[in-house]
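Participant: File name start.txt; file contents compact mmCIF, C-alpha atoms; full text below.
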# COMPACT_ATOMS: atom_id res chain seq x y z
CA MET I 62 141.72 21.69 19.00
CA PRO I 63 140.41 19.35 16.25
CA ALA I 64 141.20 20.53 12.72
CA VAL I 65 137.66 19.97 11.53
CA ASN I 66 138.00 21.94 8.31
CA ASN I 67 140.56 19.43 7.02
CA ALA I 68 138.00 16.61 6.86
CA SER I 69 137.21 15.91 3.21
CA THR I 70 135.61 12.43 3.37
CA GLU I 71 132.98 10.84 5.59
CA GLU I 72 135.65 8.63 7.16
CA GLU I 73 137.74 11.69 8.07
CA LEU I 74 134.63 13.49 9.31
CA ARG I 75 133.67 10.60 11.58
CA GLU I 76 137.22 10.46 12.90
CA VAL I 77 137.27 14.11 13.94
CA LEU I 78 133.70 14.00 15.30
CA SER I 79 134.58 11.05 17.52
CA ARG I 80 138.11 12.00 18.59
CA PRO I 81 137.92 12.11 22.41
CA TYR I 82 139.10 15.11 24.36
CA ALA I 83 141.28 14.66 27.43
CA GLU I 84 138.20 15.25 29.58
CA ASP I 85 136.37 12.41 27.81
CA ILE I 86 139.24 10.05 28.60
CA GLU I 87 139.28 11.20 32.22
CA LEU I 88 135.54 10.46 32.42
CA ALA I 89 136.20 7.02 30.93
CA GLU I 90 138.83 6.36 33.61
CA ARG I 91 136.29 7.15 36.34
CA LEU I 92 133.33 5.37 34.73
CA ARG I 93 132.04 2.32 36.56
CA GLY I 94 129.45 -0.01 35.09
CA ASP I 95 128.40 -0.71 31.52
CA VAL I 96 126.79 1.91 29.29
CA ILE I 97 123.70 1.52 27.12
CA VAL I 98 122.98 4.07 24.37
CA LEU I 99 119.33 4.06 23.30
CA GLY I 100 118.68 5.51 19.86
CA ALA I 101 122.28 4.91 18.82
CA GLY I 102 121.48 4.71 15.11
CA GLY I 103 120.39 8.34 14.67
CA LYS I 104 122.38 11.40 13.56
CA MET I 105 124.17 11.82 16.87
CA GLY I 106 124.51 8.22 18.04
CA PRO I 107 127.20 6.64 15.86
CA THR I 108 129.91 9.22 16.54
CA LEU I 109 128.91 9.50 20.22
CA VAL I 110 129.35 5.73 20.60
CA GLN I 111 132.64 5.87 18.71
CA ARG I 112 133.90 8.73 20.93
CA LEU I 113 132.97 6.77 24.03
CA MET I 114 134.66 3.58 22.77
CA ARG I 115 137.82 5.47 21.85
CA ALA I 116 137.88 7.16 25.26
CA LEU I 117 137.43 3.82 27.06
CA ARG I 118 140.26 2.24 25.06
CA GLU I 119 142.61 5.13 25.86
CA ALA I 120 141.58 4.88 29.52
CA LYS I 121 142.18 1.10 29.43
CA ASN I 122 138.68 0.58 30.76
CA SER I 123 137.00 -2.58 29.42
CA LEU I 124 133.38 -1.70 30.13
CA ASN I 125 130.73 -2.95 27.73
CA VAL I 126 128.86 -0.42 25.60
CA TYR I 127 125.53 -1.50 24.15
CA ALA I 128 124.29 0.49 21.15
CA VAL I 129 120.53 0.02 20.77
CA SER I 130 118.49 1.06 17.74
CA ARG I 131 116.01 -0.27 15.19
CA TYR I 132 118.85 0.29 12.67
CA SER I 133 116.73 1.19 9.68
CA ASP I 134 120.01 2.56 8.27
CA GLU I 135 122.47 -0.28 7.73
CA GLU I 136 125.37 2.16 7.38
CA SER I 137 124.83 3.31 10.97
CA ARG I 138 124.90 -0.30 12.12
CA ARG I 139 128.18 -0.93 10.30
CA GLU I 140 129.71 2.27 11.70
CA ILE I 141 128.86 1.24 15.24
CA GLU I 142 129.93 -2.38 14.82
CA ALA I 143 133.33 -1.10 13.71
CA THR I 144 133.76 0.72 17.04
CA GLY I 145 133.68 -2.51 19.03
CA ALA I 146 130.44 -1.63 20.81
CA GLU I 147 127.84 -4.38 21.05
CA VAL I 148 125.08 -3.64 18.53
CA VAL I 149 121.57 -4.46 19.75
CA GLY I 150 118.80 -4.32 17.19
CA ALA I 151 115.57 -3.56 19.06
CA ASP I 152 112.42 -1.48 18.80
CA ILE I 153 112.06 -0.31 22.39
CA MET I 154 108.48 0.84 21.77
CA ILE I 155 107.75 -2.90 21.96
CA GLY I 156 107.59 -3.81 25.63
CA ARG I 157 109.29 -7.19 25.44
CA GLU I 158 112.18 -5.76 23.44
CA LEU I 159 112.70 -2.98 25.98
CA GLN I 160 112.56 -5.48 28.85
CA SER I 161 115.08 -7.76 27.11
CA LEU I 162 117.82 -5.12 27.14
CA PRO I 163 120.80 -5.71 29.42
CA ASP I 164 120.80 -4.03 32.81
CA CYS I 165 123.23 -1.10 32.82
CA PRO I 166 123.95 1.57 35.44
CA ASN I 167 124.62 4.23 32.77
CA VAL I 168 121.97 5.11 30.17
CA ILE I 169 122.29 7.66 27.37
CA TYR I 170 118.85 8.26 25.87
CA LEU I 171 118.88 9.72 22.35
CA VAL I 172 115.46 8.57 21.13
CA GLY I 173 113.17 11.24 19.73
CA MET I 174 110.89 12.18 16.87
CA LYS I 175 110.90 15.57 15.17
CA PHE I 176 110.78 15.20 11.40
CA GLY I 177 107.23 14.63 10.23
CA ALA I 178 105.79 15.48 13.64
CA SER I 179 103.07 17.57 11.97
CA GLY I 180 100.44 15.13 10.74
CA ARG I 181 101.71 12.35 13.02
CA GLN I 182 101.02 13.94 16.37
CA ALA I 183 99.95 10.73 18.08
CA LYS I 184 103.21 8.95 17.25
CA THR I 185 105.20 12.07 18.19
CA TRP I 186 103.70 12.04 21.69
CA ALA I 187 104.13 8.28 22.03
CA VAL I 188 107.83 8.42 21.12
CA ASN I 189 108.73 11.68 22.85
CA THR I 190 106.61 11.47 26.01
CA TYR I 191 105.26 7.97 26.68
CA LEU I 192 108.41 6.01 25.84
CA PRO I 193 110.76 7.90 28.21
CA GLY I 194 108.55 6.84 31.12
CA ARG I 195 108.80 3.20 30.05
CA VAL I 196 112.59 3.55 29.87
CA ALA I 197 112.72 5.18 33.31
CA GLU I 198 110.71 2.28 34.72
CA ARG I 199 113.07 -0.20 33.03
CA PHE I 200 116.22 1.45 34.44
CA PRO I 201 115.16 2.89 37.84
CA ASP I 202 118.61 2.55 39.40
CA ALA I 203 120.63 3.93 36.47
CA ARG I 204 122.04 7.33 35.74
CA ILE I 205 120.10 8.59 32.70
CA VAL I 206 121.33 11.35 30.39
CA ALA I 207 118.38 12.19 28.14
CA LEU I 208 118.55 14.34 25.03
CA SER I 209 115.96 17.10 25.00
CA THR I 210 115.85 20.32 22.98
CA GLY I 211 116.00 24.07 23.34
CA ASN I 212 112.60 24.09 21.61
CA VAL I 213 110.99 23.72 25.04
CA TYR I 214 111.74 27.42 25.57
CA PRO I 215 109.67 30.28 24.16
CA LEU I 216 111.05 32.71 21.60
CA VAL I 217 113.01 35.45 23.39
CA PRO I 218 114.29 38.91 22.38
CA VAL I 219 117.22 38.68 20.01
CA ASP I 220 119.22 41.15 22.10
CA SER I 221 119.09 38.76 25.07
CA LYS I 222 121.62 36.03 25.74
CA GLY I 223 118.89 33.42 25.47
CA SER I 224 116.88 31.31 27.89
CA VAL I 225 118.56 29.78 30.93
CA GLU I 226 117.68 26.55 32.69
CA ARG I 227 115.65 28.22 35.45
CA ASP I 228 113.37 30.02 32.95
CA GLU I 229 109.81 28.82 32.52
CA PRO I 230 109.32 26.66 29.40
CA GLY I 231 107.03 27.90 26.65
CA PRO I 232 107.01 25.29 23.88
CA LEU I 233 105.44 26.20 20.54
CA GLY I 234 103.67 23.42 18.68
CA GLU I 235 103.11 19.78 19.49
CA TYR I 236 106.68 18.65 18.80
CA ALA I 237 108.09 21.03 21.41
CA GLN I 238 105.20 20.31 23.79
CA SER I 239 105.89 16.58 23.53
CA CYS I 240 109.57 17.23 24.29
CA LEU I 241 108.60 19.12 27.43
CA GLY I 242 106.41 16.10 28.15
CA ARG I 243 109.52 13.90 27.90
CA GLU I 244 111.23 16.09 30.48
CA ARG I 245 108.25 16.13 32.85
CA VAL I 246 107.88 12.34 32.71
CA LEU I 247 111.58 11.80 33.42
CA GLN I 248 111.44 14.39 36.21
CA HIS I 249 108.51 12.47 37.70
CA PHE I 250 110.35 9.15 37.75
CA SER I 251 113.49 10.84 39.03
CA LEU I 252 111.49 12.04 42.05
CA GLN I 253 109.44 8.85 42.47
CA ASN I 254 112.30 6.34 42.18
CA GLY I 255 115.32 8.48 43.03
CA THR I 256 116.65 7.93 39.50
CA ALA I 257 119.56 10.26 38.73
CA VAL I 258 118.75 12.16 35.51
CA CYS I 259 120.33 14.92 33.44
CA LEU I 260 118.22 16.53 30.69
CA ILE I 261 120.24 17.97 27.79
CA ARG I 262 118.49 20.89 26.06
CA LEU I 263 120.44 20.94 22.80
CA ASN I 264 120.31 23.48 19.97
CA TYR I 265 121.67 23.45 17.33
CA ALA I 266 124.32 20.79 16.76
CA VAL I 267 126.05 20.97 13.38
CA GLU I 268 128.46 18.98 11.26
CA ALA I 269 129.14 18.76 7.53
CA ARG I 270 126.25 16.42 6.69
CA TYR I 271 123.53 18.02 8.77
CA GLY I 272 122.59 21.19 10.59
CA VAL I 273 121.75 24.86 10.37
CA LEU I 274 125.00 25.75 8.61
CA LEU I 275 124.39 23.16 5.91
CA ASP I 276 120.82 24.41 5.44
CA ILE I 277 121.95 28.01 4.97
CA ALA I 278 124.98 27.19 2.85
CA THR I 279 123.02 24.91 0.52
CA ARG I 280 120.47 27.62 -0.23
CA VAL I 281 123.19 30.18 -0.88
CA PHE I 282 125.08 27.74 -3.13
CA ARG I 283 121.92 27.00 -5.15
CA GLY I 284 120.90 30.65 -5.39
CA GLU I 285 117.77 30.02 -3.31
CA PRO I 286 116.48 32.62 -0.84
CA VAL I 287 117.45 32.22 2.81
CA SER I 288 114.63 32.90 5.27
CA ILE I 289 115.75 35.34 7.93
CA GLU I 290 112.55 35.65 9.95
CA MET I 291 114.26 33.48 12.58
CA GLY I 292 117.17 35.83 12.29
CA PHE I 293 119.47 34.55 15.05
CA VAL I 294 120.55 31.10 16.21
CA ASN I 295 122.86 29.22 18.55
CA ILE I 296 125.24 26.65 17.07
CA ILE I 297 127.55 24.00 18.47
CA TRP I 298 129.86 21.51 16.74
CA GLN I 299 128.42 18.01 17.05
CA GLY I 300 131.67 16.67 18.49
CA ASP I 301 131.49 19.20 21.33
CA ALA I 302 127.84 18.28 21.92
CA ASN I 303 128.80 14.59 22.06
CA SER I 304 131.52 15.31 24.60
CA TYR I 305 129.20 17.34 26.82
CA THR I 306 126.55 14.61 26.62
CA LEU I 307 128.99 11.91 27.75
CA ARG I 308 130.36 14.04 30.57
CA ALA I 309 126.82 14.81 31.72
CA LEU I 310 126.71 11.27 33.15
CA GLU I 311 128.47 12.77 36.17
CA GLN I 312 125.86 15.54 36.46
CA CYS I 313 122.85 13.22 36.84
CA LYS I 314 120.84 13.99 39.97
CA SER I 315 117.50 13.49 41.65
CA PRO I 316 115.60 15.79 41.24
CA ALA I 317 116.66 15.81 37.60
CA GLU I 318 119.35 18.25 36.46
CA VAL I 319 118.74 20.44 33.39
CA LEU I 320 121.58 21.58 31.14
CA ASN I 321 121.49 23.81 28.07
CA VAL I 322 124.02 22.63 25.49
CA THR I 323 124.96 25.00 22.69
CA GLY I 324 127.66 27.44 21.65
CA PRO I 325 128.44 30.72 23.44
CA ASP I 326 127.29 33.15 20.75
CA VAL I 327 124.05 34.51 19.32
CA ILE I 328 124.71 34.27 15.58
CA SER I 329 123.07 36.23 12.78
CA VAL I 330 121.55 34.09 10.01
CA ARG I 331 122.04 36.97 7.58
CA ALA I 332 125.72 37.21 8.48
CA LEU I 333 126.19 33.46 8.04
CA ALA I 334 124.58 33.60 4.59
CA GLN I 335 126.82 36.50 3.63
CA GLN I 336 129.87 34.58 4.84
CA PHE I 337 128.92 31.61 2.68
CA GLY I 338 128.17 33.97 -0.21
CA GLU I 339 131.69 35.37 -0.05
CA ARG I 340 133.08 31.83 0.10
CA PHE I 341 131.07 30.70 -2.94
CA GLY I 342 131.45 33.94 -4.87
CA ARG I 343 127.71 34.50 -5.16
CA PRO I 344 125.64 37.04 -3.19
CA PRO I 345 122.95 35.46 -0.99
CA ARG I 346 119.28 36.18 -1.49
CA PHE I 347 116.94 36.63 1.47
CA SER I 348 113.25 36.27 2.23
CA GLY I 349 111.39 37.95 5.05
CA ALA I 350 112.88 40.20 7.70
CA GLU I 351 114.43 39.54 11.08
CA ALA I 352 111.85 39.25 13.84
CA GLU I 353 112.47 40.75 17.25
CA THR I 354 112.49 37.30 18.86
CA ALA I 355 114.22 33.98 18.20
CA LEU I 356 114.79 30.56 19.76
CA LEU I 357 117.94 31.14 21.80
CA SER I 358 119.59 29.37 24.74
CA ASP I 359 122.27 30.51 27.17
CA ALA I 360 124.66 27.63 27.90
CA SER I 361 126.80 29.46 30.47
CA LYS I 362 126.08 26.80 33.08
CA CYS I 363 127.36 24.04 30.78
CA HIS I 364 130.48 25.99 29.85
CA ALA I 365 131.22 26.70 33.53
CA LEU I 366 131.00 22.97 34.28
CA PHE I 367 132.88 21.62 31.27
CA GLY I 368 134.68 24.52 29.62
CA PRO I 369 133.72 26.27 26.38
CA PRO I 370 133.27 24.38 23.10
CA ARG I 371 136.55 23.50 21.41
CA VAL I 372 135.66 24.02 17.75
CA ALA I 373 135.36 27.52 16.29
CA LEU I 374 132.41 28.53 14.13
CA ASP I 375 134.62 29.74 11.27
CA ASP I 376 136.26 26.32 11.01
CA VAL I 377 132.88 24.61 10.68
CA VAL I 378 131.75 27.20 8.11
CA GLU I 379 134.83 26.37 6.04
CA LEU I 380 134.20 22.63 6.44
CA VAL I 381 130.57 22.92 5.32
CA ALA I 382 131.42 25.17 2.37
CA GLY I 383 134.02 22.74 1.07
CA TRP I 384 131.69 19.80 1.65
CA ILE I 385 129.00 21.39 -0.50
CA GLU I 386 131.44 22.36 -3.25
CA ARG I 387 132.63 18.75 -3.47
CA GLY I 388 129.08 17.42 -3.61
CA ALA I 389 129.85 15.19 -0.62
CA PRO I 390 127.01 13.13 0.94
CA THR I 391 124.59 14.66 3.42
CA HIS I 392 121.79 13.26 5.58
CA GLU I 393 119.23 15.16 3.47
CA LYS I 394 117.27 16.18 6.55
CA PRO I 395 116.69 19.95 6.73
CA THR I 396 116.54 21.22 10.31
CA LYS I 397 113.59 23.56 9.68
CA PHE I 398 115.30 25.94 12.09
CA SER I 399 113.46 28.89 10.51
CA VAL I 400 110.04 27.60 11.64
CA ARG I 401 108.50 30.04 14.12
CA ASP I 402 105.14 28.38 14.79
CA GLY I 403 106.42 24.99 15.98
CA GLN I 404 104.97 23.10 13.01
CA PHE I 405 107.70 20.62 12.06
Will you turn the file into structure tokens for me?
Facilitator:
Amino acid sequence: MPAVNNASTEEELREVLSRPYAEDIELAERLRGDVIVLGAGGKMGPTLVQRLMRALREAKNSLNVYAVSRYSDEESRREIEATGAEVVGADIMIGRELQSLPDCPNVIYLVGMKFGASGRQAKTWAVNTYLPGRVAERFPDARIVALSTGNVYPLVPVDSKGSVERDEPGPLGEYAQSCLGRERVLQHFSLQNGTAVCLIRLNYAVEARYGVLLDIATRVFRGEPVSIEMGFVNIIWQGDANSYTLRALEQCKSPAEVLNVTGPDVISVRALAQQFGERFGRPPRFSGAEAETALLSDASKCHALFGPPRVALDDVVELVAGWIERGAPTHEKPTKFSVRDGQF
């Protein structure tokens, strides 16, 4: 099990986030055909590409991995270049740039827009719903693992285990609706062209620089009130989410497969804030009261396929607490997990 709470620098954090599990290496041994990662420059992409490259090296498999992004963040580009993957700078919303990409039988699709979706609804729908169809048309014969979100589900009672894949979606707000649109478009092309697809409904991936734990811990550390109206959440270590996403290449099907990806527990936001308060030596403050419903997913299907997540919640809590105390860098992108009306 990775000792995540020992990471004290970004270099050490990236190392532990990208360290492949035995199952990742076994996948890399079986993998045939090059891999293209679209949206590789985002929060998840750099360490996912690095994990894949490390797994391929250990498996002695010399496949090419193409990491595609607009690369507005030069640090992400440098991180990925250092892995040995081939960096491709492209804006795939531009037709000729999408068409110019190399043909690959394995596609990992990480492109999406959430932050700033309110007020930019047209772009949100273009990125989240229109573009996936263009990608499916570009790679009709590939296996496509596409990142979606648990936000496509409705809020459910907090005493439930969360929504399962067969439940009817009930997205709140245009961001979540556009994400369901992404799924429906990919499902359409999976049926029309026989494209093998796996849709990953992820919530919420965390690491030291980003995520629900960082949001809660930062407010406790600063003495700011923690909203508890969305009183319960699911959490998964980003490294575990990366591993599941890579291994989902072997779960792609037509009609498209759907897979919830998150941790096994329904976790109290109040309890997390209290845990951080004890760590920091300052009692947390709260705003609001726990509602009877929350955005929750049941990932039992994923865990049955791949095994449970490797990294324990307490270890990530300790990592995040130490990260904040040291004033280490973060992505400065709040998750807005407490939003209940879908307005991101």
Participant: Give me the region 111-199 of chain I side of the contact with region 300-316 of chain I, cut-off 8 Å, one line per residue showing its nearest atom pair and distance in Å at one decimal, counting all atoms listed in the file, sorted by chain and residue number, as a Markdown table.
Facilitator:
| residue | atom | partner | partner_atom | distance |
| --- | --- | --- | --- | --- |
| I:Arg112 | CA | I:Asn303 | CA | 7.9 |
| I:Leu113 | CA | I:Leu307 | CA | 7.5 |
| I:Asn167 | CA | I:Leu310 | CA | 7.4 |
| I:Ile169 | CA | I:Leu307 | CA | 7.9 |
Participant: Find, counting only C-alpha atoms, the residue in I:Val96, I:Ala269, I:Ile155, I:Val149 that gets nearest to Leu78 (chain I).
Facilitator: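 Closest to Leu78 (chain I) of all the choices is I:Ala269.
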Participant: Pick the closest to Arg199 (chain I) from I:Leu162, I:Val273, I:Leu74, I:Ala101: which is it, counting only C-alpha atoms?
Facilitator: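 Of I:Leu162, I:Val273, I:Leu74, I:Ala101, the one nearest Arg199 (chain I) is I:Leu162, counting only C-alpha atoms.
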Participant: I'd like the contact shell of Thr391 (chain I) - 10 Å cut-off, all atoms listed in the file, skipping same-chain residues fewer than 5 positions apart - returned as an MDAnalysis selection string.
Facilitator: chainID I and resid 71 268:272 275 384:385
Participant: Excluding same-chain residues fewer than 4 positions from Pro369 (chain I), what lies within 12 Å of it counting all atoms listed in the file, as a compact mmCIF listing (two decimals) with C-alpha atoms, in the frame of the given file?
Facilitator:
# COMPACT_ATOMS: atom_id res chain seq x y z
CA MET I 62 141.72 21.69 19.00
CA ILE I 297 127.55 24.00 18.47
CA TRP I 298 129.86 21.51 16.74
CA ASP I 301 131.49 19.20 21.33
CA ALA I 302 127.84 18.28 21.92
CA SER I 304 131.52 15.31 24.60
CA TYR I 305 129.20 17.34 26.82
CA VAL I 322 124.02 22.63 25.49
CA THR I 323 124.96 25.00 22.69
CA GLY I 324 127.66 27.44 21.65
CA PRO I 325 128.44 30.72 23.44
CA ASP I 326 127.29 33.15 20.75
CA ALA I 360 124.66 27.63 27.90
CA SER I 361 126.80 29.46 30.47
CA LYS I 362 126.08 26.80 33.08
CA CYS I 363 127.36 24.04 30.78
CA HIS I 364 130.48 25.99 29.85
CA ALA I 365 131.22 26.70 33.53
CA ALA I 373 135.36 27.52 16.29
Participant: So, with all atoms listed in the file as the atoms that count, which of I:Val219, I:Leu380, I:Arg139, I:Ala89 lies closest to Glu73 (chain I)?
Facilitator: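 Among I:Val219, I:Leu380, I:Arg139, I:Ala89, it is I:Leu380 that comes nearest to Glu73 (chain I).
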Participant: Determine, counting all atoms listed in the file, which protein, DNA and RNA residues have an atom within 7 Å of an atom of region 327-338 of chain I; residues of the same chain fewer than 2 positions away are not included. Present the result as a list in words.
Facilitator: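 That gives Ile277, Ala278, Val281, Ile289, Gly292, Phe293, Val294, Asn295, Arg340, Phe341, Gly342, Arg343, Pro344, Pro345 and Ala382 of chain I.
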Participant: At a cut-off of 9 Å around the point (117.1, 10.0, 43.8) (file coordinates), what residues fall inside when counting all atoms listed in the file? I'd like the answer as a list in words.
Facilitator: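 Result, sorted by chain then residue number: Asp202, Ser251, Leu252, Gln253, Asn254, Gly255, Thr256, Ala257, Val258, Lys314, Ser315, Pro316 and Ala317 of chain I.
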